[in-house]
Amino acid sequence: MLRRKNILMLMAAILSSLLLMKEAIAQEQVWEAADGVYKYGPGHGFNSMFVVTNEGVVVFDSANTQHSKGMLNAIREITDQPIRYVIQSHNHWDHAGGGQVFRDQGASILAHVEAYEWMKANPHPDLALADEVWAGKQKNIVLGGKTIELHYVGMSHGLGMTVSVLPQEKVAYIADIVTPNRVMFTVVPDFNINEWKKVLANVEQMDFDTAIFSHSHAKEPLGTMKDVTLEREYIEDLQAAIMAEFKKGTPFEAVPGKIKLDKYKDWAGYDEWLSMNVYRVMLDMWMGPYPWRPEQAYE
Ligand SMILES: [Zn+2]
């Protein structure tokens, strides 16, 4: 009898720990940044944001079909409100894929005209073209009493780069131009370094306290303005270190092997990517900024 009781107790313990585990997994995927504003980060290196209002849901960066299906499930755990919009942060396939999952739910996909033109010219099997295109520097969406500001930030990275801010909730969604606790991504693809630096200084003036970043290596699930500042400082420190080597007369091919930035030695990618970062930033300083296009410099 005692044995049976023990087994039952053991089974109950296993069951409750499994339930706890399920809860823990669910908790690790979704964080509430402010009232109705959520980060969806299932742990595969990509984070989205979604905003729940009493007139529907807005999704930021659909990434790919698998990610979007997971996000839709996570949204449905929270609300039955219809999905109204998907906001694409910029043109790149790894951010703007998967939109069809939400379009099938009745959502409209929004992108800046620059991003739209690129996507139209560069199709991808998982990419659903935007249904609504916006132009200029800012567009506001008001839904269920929540205001969402879409800020076009010029040539920093990719095309149509958009920083989304909820001024009442003081939360921002930022893709690619800030990745906390990591050096620049490999060879720094499709970044105009000086424009990027300028844009970050402007983002630092925007009105938010909490930031959700599409990629992050920070321990904390939610970021802050401090992460924006550190990203700008990393660019400045890297440029200054390269300039110092130029002044010493170090041959350019020796520069990547010479540069150490101790302040960032604990950041992800420091050992593997720092020299790639140096090559890319050095070439930009040597040849002049690229990529560049007319009349798109961010003021
Ligand atoms: Zn990108």
# chains A, B, ... in the order shown; residues from 1 in each chain; ligands from 1
>>> closest_atom_pairs(of="chain A", to="ligand 1", cutoff="9 Å", atoms="only C-alpha atoms and all ligand atoms", output="JSON lines")
{"residue": "A:Ser89", "atom": "CA", "partner": "ligand 1", "partner_atom_place_in_ligand_line": "1 (Zn)", "distance": 8.6}
{"residue": "A:His90", "atom": "CA", "partner": "ligand 1", "partner_atom_place_in_ligand_line": "1 (Zn)", "distance": 6.8}
{"residue": "A:Asn91", "atom": "CA", "partner": "ligand 1", "partner_atom_place_in_ligand_line": "1 (Zn)", "distance": 7.2}
{"residue": "A:His92", "atom": "CA", "partner": "ligand 1", "partner_atom_place_in_ligand_line": "1 (Zn)", "distance": 5.0}
{"residue": "A:Trp93", "atom": "CA", "partner": "ligand 1", "partner_atom_place_in_ligand_line": "1 (Zn)", "distance": 7.9}
{"residue": "A:Asp94", "atom": "CA", "partner": "ligand 1", "partner_atom_place_in_ligand_line": "1 (Zn)", "distance": 7.2}
{"residue": "A:His95", "atom": "CA", "partner": "ligand 1", "partner_atom_place_in_ligand_line": "1 (Zn)", "distance": 6.8}
{"residue": "A:His157", "atom": "CA", "partner": "ligand 1", "partner_atom_place_in_ligand_line": "1 (Zn)", "distance": 6.5}
{"residue": "A:Gly158", "atom": "CA", "partner": "ligand 1", "partner_atom_place_in_ligand_line": "1 (Zn)", "distance": 5.8}
{"residue": "A:Leu159", "atom": "CA", "partner": "ligand 1", "partner_atom_place_in_ligand_line": "1 (Zn)", "distance": 8.6}
{"residue": "A:Met161", "atom": "CA", "partner": "ligand 1", "partner_atom_place_in_ligand_line": "1 (Zn)", "distance": 8.6}
{"residue": "A:Ala175", "atom": "CA", "partner": "ligand 1", "partner_atom_place_in_ligand_line": "1 (Zn)", "distance": 7.2}
{"residue": "A:Asp176", "atom": "CA", "partner": "ligand 1", "partner_atom_place_in_ligand_line": "1 (Zn)", "distance": 5.6}
{"residue": "A:Ile177", "atom": "CA", "partner": "ligand 1", "partner_atom_place_in_ligand_line": "1 (Zn)", "distance": 8.2}
{"residue": "A:Pro189", "atom": "CA", "partner": "ligand 1", "partner_atom_place_in_ligand_line": "1 (Zn)", "distance": 8.0}
{"residue": "A:Asp190", "atom": "CA", "partner": "ligand 1", "partner_atom_place_in_ligand_line": "1 (Zn)", "distance": 7.4}
{"residue": "A:Phe191", "atom": "CA", "partner": "ligand 1", "partner_atom_place_in_ligand_line": "1 (Zn)", "distance": 8.7}
>>> write_last_selection(atoms="C-alpha atoms", output="CSV table (one decimal), in the first residue's frame")
chain,number,residue,atom,x,y,z
A,89,SER,CA,11.8,46.2,-40.6
A,90,HIS,CA,13.7,46.1,-43.9
A,91,ASN,CA,14.3,44.3,-47.2
A,92,HIS,CA,16.4,41.3,-46.2
A,93,TRP,CA,15.0,37.8,-46.7
A,94,ASP,CA,15.9,36.6,-43.2
A,95,HIS,CA,13.6,39.3,-41.7
A,157,HIS,CA,21.6,48.8,-43.1
A,158,GLY,CA,19.7,47.3,-46.0
A,159,LEU,CA,16.8,49.1,-47.6
A,161,MET,CA,15.3,50.3,-42.6
A,175,ALA,CA,16.4,45.1,-36.3
A,176,ASP,CA,20.1,44.5,-37.2
A,177,ILE,CA,21.4,48.0,-36.4
A,189,PRO,CA,27.0,42.9,-44.8
A,190,ASP,CA,25.0,45.8,-46.3
A,191,PHE,CA,26.0,48.3,-43.7
>>> residues_around(residues="His44 (chain A)", least_positions_apart="4", cutoff="12 Å", atoms="only C-alpha atoms", output="PDB file with C-alpha atoms, in the first residue's frame")
ATOM      1  CA  GLU A  28      11.161  31.575 -22.362  1.00  0.00           C
ATOM      2  CA  GLN A  29       9.544  32.335 -25.708  1.00  0.00           C
ATOM      3  CA  TYR A  40       8.634  36.564 -29.211  1.00  0.00           C
ATOM      4  CA  SER A  48      10.087  39.449 -33.157  1.00  0.00           C
ATOM      5  CA  ALA A  63      11.274  36.190 -40.409  1.00  0.00           C
ATOM      6  CA  ASN A  64      10.231  32.876 -41.954  1.00  0.00           C
ATOM      7  CA  GLN A  66       8.436  28.290 -39.180  1.00  0.00           C
ATOM      8  CA  HIS A  67       9.112  31.299 -36.935  1.00  0.00           C
ATOM      9  CA  GLY A  70       5.384  29.547 -33.724  1.00  0.00           C
ATOM     10  CA  SER A 214      15.908  41.117 -33.646  1.00  0.00           C
ATOM     11  CA  HIS A 215      19.185  39.542 -32.501  1.00  0.00           C
ATOM     12  CA  SER A 216      20.726  39.712 -29.032  1.00  0.00           C
ATOM     13  CA  HIS A 217      23.415  37.978 -27.034  1.00  0.00           C
TER      14      HIS A 217
END
>>> select_by_dssp(residues="region 31-255 of chain A", states="strand (DSSP E or B)", output="PyMOL selection string")
chain A and resi 31-34+37-40+48-53+56-60+63+83-87+97+108-112+127+132-134+138-143+146-152+157+162-166+171-174+182+191+210-213+223-224
>>> residues_around(residues="region 73-80 of chain A", least_positions_apart="4", cutoff="12 Å", atoms="only C-alpha atoms", output="PyMOL selection string")
chain A and resi 23+25-32+36-42+48-59+66-69+84+101-102+105
>>> atom_distance(atom1="CA of Trp118 (chain A)", atom2="CA of Ile193 (chain A)")
20.7 Å
>>> closest_residue(among="A:Pro256, A:Pro291, A:Pro251, A:Gly145", to="Trp196 (chain A)", atoms="only C-alpha atoms")
A:Pro291
>>> closest_residue(among="A:Ala218, A:Met206, A:Met71, A:Val281", to="Leu150 (chain A)", atoms="only C-alpha atoms")
A:Met206
>>> atom_distance(atom1="CA of Lys137 (chain A)", atom2="CA of His112 (chain A)")
9.4 Å
>>> residues_around(residues="Asp104 (chain A)", least_positions_apart="6", cutoff="12 Å", atoms="only C-alpha atoms", output="list in words")
Thr65, Ser68, Lys69, Leu72, Pro82, Ile83, Arg84, Tyr85, Val86, Gly98 and Ala128 of chain A
>>> atom_distance(atom1="CA of Leu274 (chain A)", atom2="CA of Gly97 (chain A)")
29.0 Å
